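Structure file target-v3.cif (mmCIF, C-alpha atoms) follows.
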```
data_data
loop_
_atom_site.label_atom_id
_atom_site.label_comp_id
_atom_site.auth_asym_id
_atom_site.auth_seq_id
_atom_site.Cartn_x
_atom_site.Cartn_y
_atom_site.Cartn_z
CA MET R 219 161.66 -26.17 258.88
CA PRO R 220 158.00 -27.19 259.38
CA SER R 221 157.09 -30.78 258.61
CA PRO R 222 154.63 -31.65 255.78
CA ARG R 223 152.08 -32.35 258.48
CA GLU R 224 152.50 -28.89 260.03
CA LYS R 225 152.34 -27.21 256.61
CA ALA R 226 149.08 -28.97 255.84
CA ALA R 227 147.60 -27.97 259.20
CA ARG R 228 148.56 -24.32 258.67
CA ARG R 229 147.05 -24.26 255.17
CA ALA R 230 143.85 -25.82 256.49
CA GLU R 231 143.66 -23.12 259.14
CA GLU R 232 144.08 -20.42 256.47
CA ILE R 233 141.29 -21.95 254.37
CA GLU R 234 138.91 -22.09 257.33
CA GLU R 235 139.47 -18.39 258.00
CA LEU R 236 138.80 -17.56 254.32
CA LEU R 237 135.58 -19.59 254.36
CA GLU R 238 134.23 -17.46 257.21
CA ASN R 239 133.87 -14.59 254.72
CA ASP R 240 130.20 -14.55 253.65
CA ALA R 241 131.05 -12.41 250.61
CA LEU R 242 133.37 -15.05 249.17
CA PRO R 243 132.43 -15.82 245.51
CA ALA R 244 130.76 -19.20 245.03
CA ASP R 245 133.46 -20.57 242.69
CA LYS R 246 136.23 -19.54 245.08
CA ARG R 247 134.37 -21.06 248.04
CA LYS R 248 133.90 -24.33 246.15
CA ALA R 249 137.60 -24.48 245.25
CA LEU R 250 138.68 -23.82 248.85
CA GLU R 251 136.24 -26.40 250.23
CA GLY R 252 137.65 -28.93 247.74
CA GLU R 253 141.20 -28.15 248.83
CA LEU R 254 140.24 -28.46 252.49
CA GLY R 255 138.54 -31.80 251.80
CA ALA R 256 141.69 -33.07 250.06
CA ILE R 257 143.82 -32.06 253.04
CA ALA R 258 141.39 -33.82 255.37
CA ASP R 259 141.54 -36.98 253.25
CA ASN R 260 145.33 -36.97 253.22
CA ILE R 261 145.58 -36.40 256.96
CA ALA R 262 143.14 -39.25 257.59
CA GLU R 263 145.26 -41.58 255.44
CA GLY R 264 148.53 -40.53 257.08
CA CYS R 265 149.97 -38.94 253.94
CA TYR R 266 151.45 -36.06 255.95
CA SER R 267 153.10 -38.26 258.55
CA ASN R 268 156.81 -39.10 258.59
CA ASP R 269 155.84 -42.58 259.76
CA PRO R 270 153.72 -44.45 257.15
CA ASP R 271 152.18 -46.59 259.92
CA ASP R 272 151.12 -43.58 261.99
CA GLY R 273 147.34 -43.31 262.20
CA ILE R 274 146.98 -39.57 262.65
CA ASP R 275 144.22 -38.52 265.02
CA TRP R 276 142.08 -35.50 264.06
CA SER R 277 142.49 -33.90 267.47
CA THR R 278 146.26 -33.60 266.99
CA CYS R 279 145.90 -31.63 263.74
CA PRO R 280 145.49 -27.88 264.32
CA GLY R 281 143.71 -26.20 261.43
CA ILE R 282 141.24 -29.05 260.82
CA SER R 283 138.09 -27.95 262.58
CA ILE R 284 135.24 -30.04 263.93
CA ALA R 285 133.30 -29.13 260.78
CA VAL R 286 135.58 -31.42 258.77
CA ASN R 287 135.16 -34.44 261.06
CA PRO R 288 132.07 -35.82 259.25
CA LYS R 289 134.36 -36.65 256.33
CA ILE R 290 135.42 -39.69 258.38
CA VAL R 291 132.65 -42.14 257.54
CA THR R 292 133.95 -45.36 259.14
CA GLY R 293 135.43 -46.29 262.48
CA PRO R 294 139.16 -46.97 262.92
CA GLU R 295 138.91 -50.74 263.50
CA ASN R 296 137.22 -52.35 260.50
CA VAL R 297 134.68 -51.97 257.72
CA LYS R 298 132.28 -54.69 256.63
CA PHE R 299 130.94 -55.18 253.12
CA TYR R 300 128.06 -57.39 252.00
CA CYS R 301 127.85 -59.08 248.61
CA PRO R 302 124.57 -59.46 246.71
CA GLU R 303 122.43 -62.52 247.47
CA MET R 304 124.56 -65.66 247.34
CA LYS R 305 123.78 -68.17 244.58
CA TYR R 306 124.40 -71.86 245.18
CA ARG R 307 124.00 -75.33 243.67
CA LEU R 308 123.56 -78.39 245.88
CA LEU R 309 124.23 -81.85 244.41
CA SER R 310 122.67 -84.69 246.41
CA ARG R 311 121.30 -88.19 245.91
CA ASN R 312 117.59 -88.97 246.01
CA ASP R 313 115.95 -92.11 247.34
CA GLU R 314 116.63 -93.86 244.04
CA GLY R 315 120.34 -93.12 244.28
CA LYS R 316 120.33 -90.60 241.42
CA THR R 317 122.21 -87.30 241.65
CA VAL R 318 119.90 -84.31 241.71
CA SER R 319 120.73 -80.61 241.57
CA SER R 320 118.95 -77.87 243.51
CA ASP R 321 119.47 -74.12 243.72
CA ARG R 322 117.33 -73.73 246.84
CA ILE R 323 118.09 -74.66 250.44
CA PRO R 324 115.18 -74.74 252.91
CA GLU R 325 115.26 -71.70 255.21
CA ASP R 326 115.26 -73.87 258.35
CA LEU R 327 118.48 -75.56 257.16
CA LEU R 328 120.23 -72.46 255.86
CA ASP R 329 121.97 -71.72 259.18
CA LEU R 330 123.55 -75.20 259.12
CA TYR R 331 124.89 -74.72 255.59
CA GLN R 332 126.17 -71.29 256.61
CA TYR R 333 128.70 -72.94 258.94
CA ASP R 334 129.87 -75.26 256.15
CA VAL R 335 130.41 -72.25 253.87
CA LYS R 336 132.28 -70.36 256.60
CA ALA R 337 134.55 -73.35 257.23
CA ALA R 338 135.34 -73.59 253.51
CA LEU R 339 136.10 -69.88 253.32
CA GLU R 340 138.49 -70.13 256.26
CA LYS R 341 140.48 -72.81 254.43
CA ALA R 342 140.47 -71.01 251.07
CA TYR R 343 143.29 -68.73 249.99
CA PHE R 344 142.24 -65.12 250.25
CA PHE R 345 143.85 -61.99 248.89
CA SER R 346 145.42 -58.88 250.40
CA LEU R 347 144.75 -55.27 249.40
CA LYS R 348 147.15 -52.49 248.43
CA HIS R 349 144.97 -49.83 250.05
CA PRO R 350 147.23 -47.98 252.56
CA ASN R 351 144.69 -48.29 255.36
CA ALA R 352 143.84 -52.01 254.99
CA THR R 353 145.68 -54.62 257.05
CA LEU R 354 143.60 -57.83 256.76
CA VAL R 355 140.78 -59.10 254.50
CA THR R 356 138.49 -61.88 255.75
CA ALA R 357 135.61 -63.54 253.89
CA GLY R 358 132.52 -64.91 255.63
CA ALA R 359 128.84 -65.73 255.22
CA GLU R 360 125.73 -64.47 256.97
CA VAL R 361 122.05 -65.42 256.83
CA SER R 362 119.52 -62.58 256.94
CA PHE R 363 115.75 -62.96 256.46
CA GLY R 364 116.10 -66.41 254.94
CA THR R 365 118.86 -65.52 252.47
CA MET R 366 122.61 -66.12 252.62
CA TYR R 367 125.06 -63.32 251.78
CA GLY R 368 128.82 -63.27 251.39
CA THR R 369 130.59 -60.84 253.70
CA ILE R 370 134.01 -59.18 253.58
CA ASP R 371 135.65 -57.77 256.71
CA VAL R 372 138.56 -55.39 256.18
CA SER R 373 140.70 -54.49 259.19
CA LEU R 374 141.86 -50.86 259.17
CA LYS R 375 144.68 -48.79 260.58
CA SER R 376 142.39 -45.78 261.05
CA GLY R 377 139.05 -44.35 259.95
CA LEU R 378 138.20 -43.77 256.29
CA THR R 379 136.87 -40.76 254.45
CA GLN R 380 134.18 -41.29 251.82
CA ASP R 381 136.74 -41.07 249.01
CA SER R 382 138.97 -43.62 250.75
CA LEU R 383 136.02 -45.92 251.36
CA ASP R 384 135.05 -45.76 247.68
CA ALA R 385 138.65 -46.48 246.63
CA LEU R 386 138.75 -49.46 249.01
CA ARG R 387 135.45 -50.77 247.62
CA ASP R 388 136.70 -50.42 244.01
CA GLU R 389 139.93 -52.29 244.71
CA LEU R 390 138.10 -54.98 246.65
CA THR R 391 135.52 -55.42 243.88
CA GLY R 392 138.20 -55.87 241.23
CA GLN R 393 140.03 -58.60 243.14
CA LEU R 394 136.81 -60.19 244.38
CA LYS R 395 135.54 -60.85 240.84
CA THR R 396 138.61 -62.95 240.05
CA TRP R 397 138.70 -64.70 243.41
CA SER R 398 135.00 -65.53 243.37
CA SER R 399 135.30 -67.17 239.93
CA TYR R 400 138.01 -69.39 241.36
CA PHE R 401 135.99 -70.24 244.46
CA GLU R 402 132.89 -71.23 242.44
CA GLY R 403 134.69 -74.38 241.35
CA GLN R 404 135.50 -75.48 244.90
CA GLN R 405 133.36 -78.29 246.32
CA ILE R 406 132.04 -77.75 249.85
CA ASP R 407 131.26 -81.01 251.63
CA THR R 408 128.03 -80.92 253.66
CA ASP R 409 125.76 -83.50 255.28
CA GLY R 410 123.20 -82.71 252.57
CA GLY R 411 125.51 -83.17 249.59
CA ASP R 412 128.15 -81.30 247.60
CA LEU R 413 127.65 -77.54 247.68
CA TYR R 414 128.98 -75.04 245.13
CA ILE R 415 128.48 -71.30 245.73
CA GLN R 416 128.76 -68.07 243.81
CA PHE R 417 130.21 -65.79 246.47
CA TYR R 418 130.03 -62.61 244.37
CA ASN R 419 128.41 -62.18 240.95
CA GLY R 420 130.16 -58.93 240.05
CA GLY R 421 126.97 -57.35 238.72
CA GLU R 422 125.93 -55.33 241.76
CA PRO R 423 127.89 -53.05 244.09
CA LEU R 424 129.19 -54.22 247.44
CA LEU R 425 127.18 -52.73 250.30
CA THR R 426 128.56 -51.34 253.53
CA ASP R 427 127.14 -52.59 256.82
CA THR R 428 124.94 -49.49 257.07
CA ALA R 429 123.66 -49.84 253.50
CA PHE R 430 122.95 -53.56 253.95
CA THR R 431 120.99 -53.02 257.17
CA ASN R 432 118.98 -50.25 255.52
CA ARG R 433 118.31 -52.35 252.41
CA MET R 434 117.03 -55.22 254.59
CA TYR R 435 114.62 -52.79 256.23
CA ILE R 436 113.34 -51.60 252.86
CA LYS R 437 113.11 -55.15 251.48
CA ASN R 438 111.09 -56.47 254.39
CA CYS R 439 109.05 -53.42 255.43
CA LEU R 440 108.27 -51.57 252.21
CA THR R 441 105.67 -54.00 250.89
CA VAL R 442 105.17 -52.10 247.61
CA PRO R 443 108.71 -51.12 246.44
CA ASP R 444 107.56 -48.61 243.80
CA VAL R 445 105.07 -46.79 246.03
CA THR R 446 105.08 -42.98 245.95
CA LYS R 447 103.57 -41.25 248.96
CA PHE R 448 102.22 -37.72 249.19
CA TYR R 449 101.84 -35.66 252.36
CA ALA R 450 100.12 -32.29 252.72
CA ASP R 451 100.27 -30.10 255.83
CA GLU R 452 97.54 -27.47 256.04
CA ASP R 453 100.05 -24.99 257.47
CA CYS R 454 102.51 -25.35 254.56
CA ASP R 455 102.50 -24.16 250.95
CA TYR R 456 103.91 -27.40 249.57
CA ILE R 457 103.14 -31.10 249.15
CA ARG R 458 105.82 -33.59 250.13
CA MET R 459 106.35 -36.46 247.67
CA MET R 460 108.51 -39.44 248.71
CA TYR R 461 109.59 -42.70 247.08
CA TYR R 462 112.44 -45.21 247.11
CA ASN R 463 114.78 -45.52 244.11
CA PRO R 464 116.60 -48.90 244.11
CA ASP R 465 118.80 -48.11 241.10
CA SER R 466 121.14 -45.41 242.41
CA SER R 467 124.92 -45.75 242.27
CA HIS R 468 124.98 -46.16 246.06
CA GLY R 469 122.72 -49.21 245.91
CA GLY R 470 119.50 -47.33 246.67
CA GLN R 471 118.24 -43.94 247.82
CA LEU R 472 115.17 -42.16 249.09
CA VAL R 473 113.89 -39.32 246.93
CA ASP R 474 112.21 -36.55 248.91
CA ASN R 475 110.50 -33.94 246.69
CA TYR R 476 108.86 -30.71 247.87
CA LEU R 477 106.19 -29.54 245.42
CA TYR R 478 105.43 -25.89 246.04
CA LEU R 479 102.08 -24.26 245.33
CA GLY R 480 103.17 -21.97 242.49
CA MET R 481 104.89 -24.78 240.62
CA LEU R 482 101.84 -27.03 241.00
CA GLU R 483 99.54 -24.27 239.70
CA GLU R 484 101.65 -23.91 236.54
CA ALA R 485 101.87 -27.68 236.00
CA LEU R 486 98.10 -28.12 236.33
CA ASP R 487 97.45 -25.26 233.89
CA GLU R 488 100.08 -26.09 231.27
CA CYS R 489 100.50 -29.89 231.19
CA GLU R 490 98.15 -31.69 228.80
CA THR R 491 98.80 -35.30 229.87
CA ASP R 492 99.37 -37.08 233.16
CA LYS R 493 102.86 -38.08 232.03
CA ASP R 494 103.76 -34.45 231.28
CA PHE R 495 102.45 -33.41 234.69
CA TRP R 496 104.58 -35.90 236.63
CA GLU R 497 107.69 -35.13 234.59
CA ARG R 498 107.15 -31.41 235.20
CA VAL R 499 106.63 -31.60 238.96
CA GLU R 500 109.57 -33.93 239.54
CA GLY R 501 111.83 -31.82 237.35
CA CYS R 502 110.87 -28.60 239.13
CA ALA R 503 110.63 -29.96 242.70
CA CYS R 504 112.97 -28.98 245.49
CA GLN R 505 114.62 -32.40 245.72
CA TYR R 506 116.65 -34.10 248.46
CA LEU R 507 118.36 -37.47 247.94
CA ILE R 508 119.15 -39.67 250.94
CA ASP R 509 121.58 -42.45 250.00
CA ILE R 510 121.09 -45.88 251.52
CA ASP R 511 124.64 -45.97 252.93
CA THR R 512 124.16 -42.89 255.13
CA PRO R 513 123.07 -42.88 258.80
CA GLU R 514 120.23 -40.46 257.96
CA PHE R 515 118.57 -42.99 255.67
CA ILE R 516 116.85 -45.20 258.25
CA ALA R 517 114.86 -42.39 259.90
CA GLU R 518 113.52 -41.19 256.55
CA ALA R 519 112.83 -44.77 255.44
CA ARG R 520 110.76 -45.37 258.55
CA ALA R 521 108.82 -42.21 257.82
CA LEU R 522 108.08 -43.49 254.31
CA VAL R 523 107.00 -46.89 255.60
CA GLU R 524 105.15 -45.93 258.78
CA LEU R 525 103.84 -42.38 258.37
CA PRO R 526 100.24 -42.36 257.05
CA CYS R 527 100.05 -40.43 253.78
CA ASP R 528 97.29 -38.31 252.24
CA PHE R 529 97.55 -40.06 248.89
CA ASN R 530 99.80 -42.53 247.08
CA GLY R 531 100.78 -43.40 243.53
CA GLN R 532 101.58 -41.21 240.51
CA ASN R 533 98.18 -41.54 238.86
CA ARG R 534 95.07 -39.60 237.85
CA SER R 535 93.46 -39.91 241.31
CA THR R 536 96.48 -38.25 242.90
CA ILE R 537 96.43 -35.45 240.32
CA ASP R 538 92.76 -34.81 241.17
CA TRP R 539 93.64 -34.72 244.86
CA ILE R 540 96.49 -32.25 244.16
CA ARG R 541 94.10 -30.10 242.10
CA ASN R 542 91.67 -29.94 245.03
CA TRP R 543 94.49 -29.09 247.44
CA VAL R 544 95.70 -26.28 245.14
CA ALA R 545 92.16 -24.90 244.86
CA GLN R 546 91.82 -24.96 248.63
CA GLN R 547 95.12 -23.11 249.04
CA GLN R 548 94.06 -20.52 246.44
CA GLY R 549 90.77 -19.99 248.29
CA GLU R 550 92.62 -19.38 251.55
CA ASP R 551 94.93 -16.90 249.84
CA GLN R 552 91.98 -14.94 248.45
CA SER R 553 89.80 -14.96 251.54
CA PRO R 554 91.35 -11.83 253.19
CA GLU R 555 90.73 -9.76 250.03
CA MET R 556 87.10 -10.92 249.84
CA ASN R 557 86.52 -9.74 253.39
CA MET R 558 87.90 -6.25 252.78
#
```
Exercise: express the given structure as structure tokens:
Amino acid sequence: MPSPREKAARRAEEIEELLENDALPADKRKALEGELGAIADNIAEGCYSNDPDDGIDWSTCPGISIAVNPKIVTGPENVKFYCPEMKYRLLSRNDEGKTVSSDRIPEDLLDLYQYDVKAALEKAYFFSLKHPNATLVTAGAEVSFGTMYGTIDVSLKSGLTQDSLDALRDELTGQLKTWSSYFEGQQIDTDGGDLYIQFYNGGEPLLTDTAFTNRMYIKNCLTVPDVTKFYADEDCDYIRMMYYNPDSSHGGQLVDNYLYLGMLEEALDECETDKDFWERVEGCACQYLIDIDTPEFIAEARALVELPCDFNGQNRSTIDWIRNWVAQQQGEDQSPEMNM
């Protein structure tokens, strides 16, 4: 009698063979890929193991090919989350002996207060998680670019898939809201006075280590957050349009649009206002979204920040530049016929 683990591996192998058929209908392919992804998730979480503490390694699972490995998005040791910017209130006495309240700590002193916050967090009661892969939850604090952030380290039995990571984040967020409200009332004794902190405000998503590092790059290197850059290569029949969207569900994303010649010709001919033009081109563009919590993000972000562009901003000047580019492309297309 095969074990549940062996049955899962055999079914995964069958699915992979079916997916090799190029004539497979799209709906059937999507259903099989979904089933294969579910098997991969369950294997990663140990659901097919007879031992609930067994962290199953991918290499021991026949039927799960190397193509499925990218579904593991974290390492097997731990995952680190960052809270939004920490809010704090410092009560101290002035030269006249009166108690004063401040919500700002000088940047050159922030590192010193960071150690006081860490010490307080070590003494505070912290919660455990029911997630099957989590073994220990530890709160901390970290200063980055003159701002203090709360951090959460979760020790893991094995690596996480994206679905498992999202489930862990959801569970952590729910408990963190309650715990943070409790911690806000705790006085932290410092040399500068009595410190009270808001560890997590509950209004923004927790960021993974990758997403936090990428957001810091954007925050400190993209001097104009709402800039839109346009790039035109004389050997291509499209204009590349890039910008950063801070409001995505992942905490931020780069939007990479490819505006092809034919679509631009129609938009220039048919759109009566600038607003209509920009809505048309973005709606019809070949669009790629790069989420801030993916490893691919940083390379594209650097391109947006560092690569000189041909034009920037969604405005009338850019439309005029696009019109000239389109006319130039049309002239090149017609030149062979004129020479016949």
Apply the PyMOL selection byres ((chain R and resi 457) around 12) to the structure shown and report the selected residues as a tab-separated table (two decimals) with C-alpha atoms, in the frame of the given file.
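Okay, selection_10.tsv is ready:
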```tsv
chain	number	residue	atom	x	y	z
R	447	LYS	CA	103.57	-41.25	248.96
R	448	PHE	CA	102.22	-37.72	249.19
R	449	TYR	CA	101.84	-35.66	252.36
R	450	ALA	CA	100.12	-32.29	252.72
R	451	ASP	CA	100.27	-30.10	255.83
R	452	GLU	CA	97.54	-27.47	256.04
R	453	ASP	CA	100.05	-24.99	257.47
R	454	CYS	CA	102.51	-25.35	254.56
R	455	ASP	CA	102.50	-24.16	250.95
R	456	TYR	CA	103.91	-27.40	249.57
R	458	ARG	CA	105.82	-33.59	250.13
R	459	MET	CA	106.35	-36.46	247.67
R	460	MET	CA	108.51	-39.44	248.71
R	474	ASP	CA	112.21	-36.55	248.91
R	475	ASN	CA	110.50	-33.94	246.69
R	476	TYR	CA	108.86	-30.71	247.87
R	477	LEU	CA	106.19	-29.54	245.42
R	478	TYR	CA	105.43	-25.89	246.04
R	479	LEU	CA	102.08	-24.26	245.33
R	480	GLY	CA	103.17	-21.97	242.49
R	481	MET	CA	104.89	-24.78	240.62
R	482	LEU	CA	101.84	-27.03	241.00
R	499	VAL	CA	106.63	-31.60	238.96
R	500	GLU	CA	109.57	-33.93	239.54
R	503	ALA	CA	110.63	-29.96	242.70
R	504	CYS	CA	112.97	-28.98	245.49
R	527	CYS	CA	100.05	-40.43	253.78
R	528	ASP	CA	97.29	-38.31	252.24
R	529	PHE	CA	97.55	-40.06	248.89
R	536	THR	CA	96.48	-38.25	242.90
R	537	ILE	CA	96.43	-35.45	240.32
R	539	TRP	CA	93.64	-34.72	244.86
R	540	ILE	CA	96.49	-32.25	244.16
R	541	ARG	CA	94.10	-30.10	242.10
R	543	TRP	CA	94.49	-29.09	247.44
R	544	VAL	CA	95.70	-26.28	245.14
R	547	GLN	CA	95.12	-23.11	249.04
```
In terms of only C-alpha atoms, the residue from R:Val442, R:Val361, R:Ala338, R:Leu354 at minimal distance from Asp326 (chain R) is R:Val361
Padded axis-aligned box of region 541-547 of chain R (5 Å per side), centre and edge lengths, Å, one decimal, as AutoDock Vina command-line options:
```
--center_x 93.7 --center_y -26.6 --center_z 245.6 --size_x 14.0 --size_y 17.0 --size_z 16.9
```
Selected by the PyMOL selection byres ((chain R and resi 253) around 12) in the shown coordinates: which residues, as a PyMOL selection string?
chain R and resi 226+229-234+237+246-252+254-260+286
> Which is closer to Thr512 (chain R) than all the others in R:Thr369, R:Gln471, R:Ser310, R:Asn530, using all atoms listed in the file?
Replying inline: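 Of R:Thr369, R:Gln471, R:Ser310, R:Asn530, the one nearest Thr512 (chain R), counting all atoms listed in the file, is R:Gln471.
Counting only C-alpha atoms, Asp427 (chain R) has the following residues at most 8 Å away, ignoring those fewer than 3 positions along the same chain: Val297, Lys298, Phe299, Tyr300, Phe430 and Thr431 of chain R.
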**d(CA of Tyr506 (chain R), CA of Thr426 (chain R)) in Å** =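 So the two atoms, CA of Tyr506 (chain R) and CA of Thr426 (chain R), lie 21.6 Å apart.
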Problem set entry | Between CA of Thr446 (chain R) and CA of Leu424 (chain R), distance in Å (one decimal) |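 According to the coordinates, CA of Thr446 (chain R) and CA of Leu424 (chain R) are separated by 26.6 Å.
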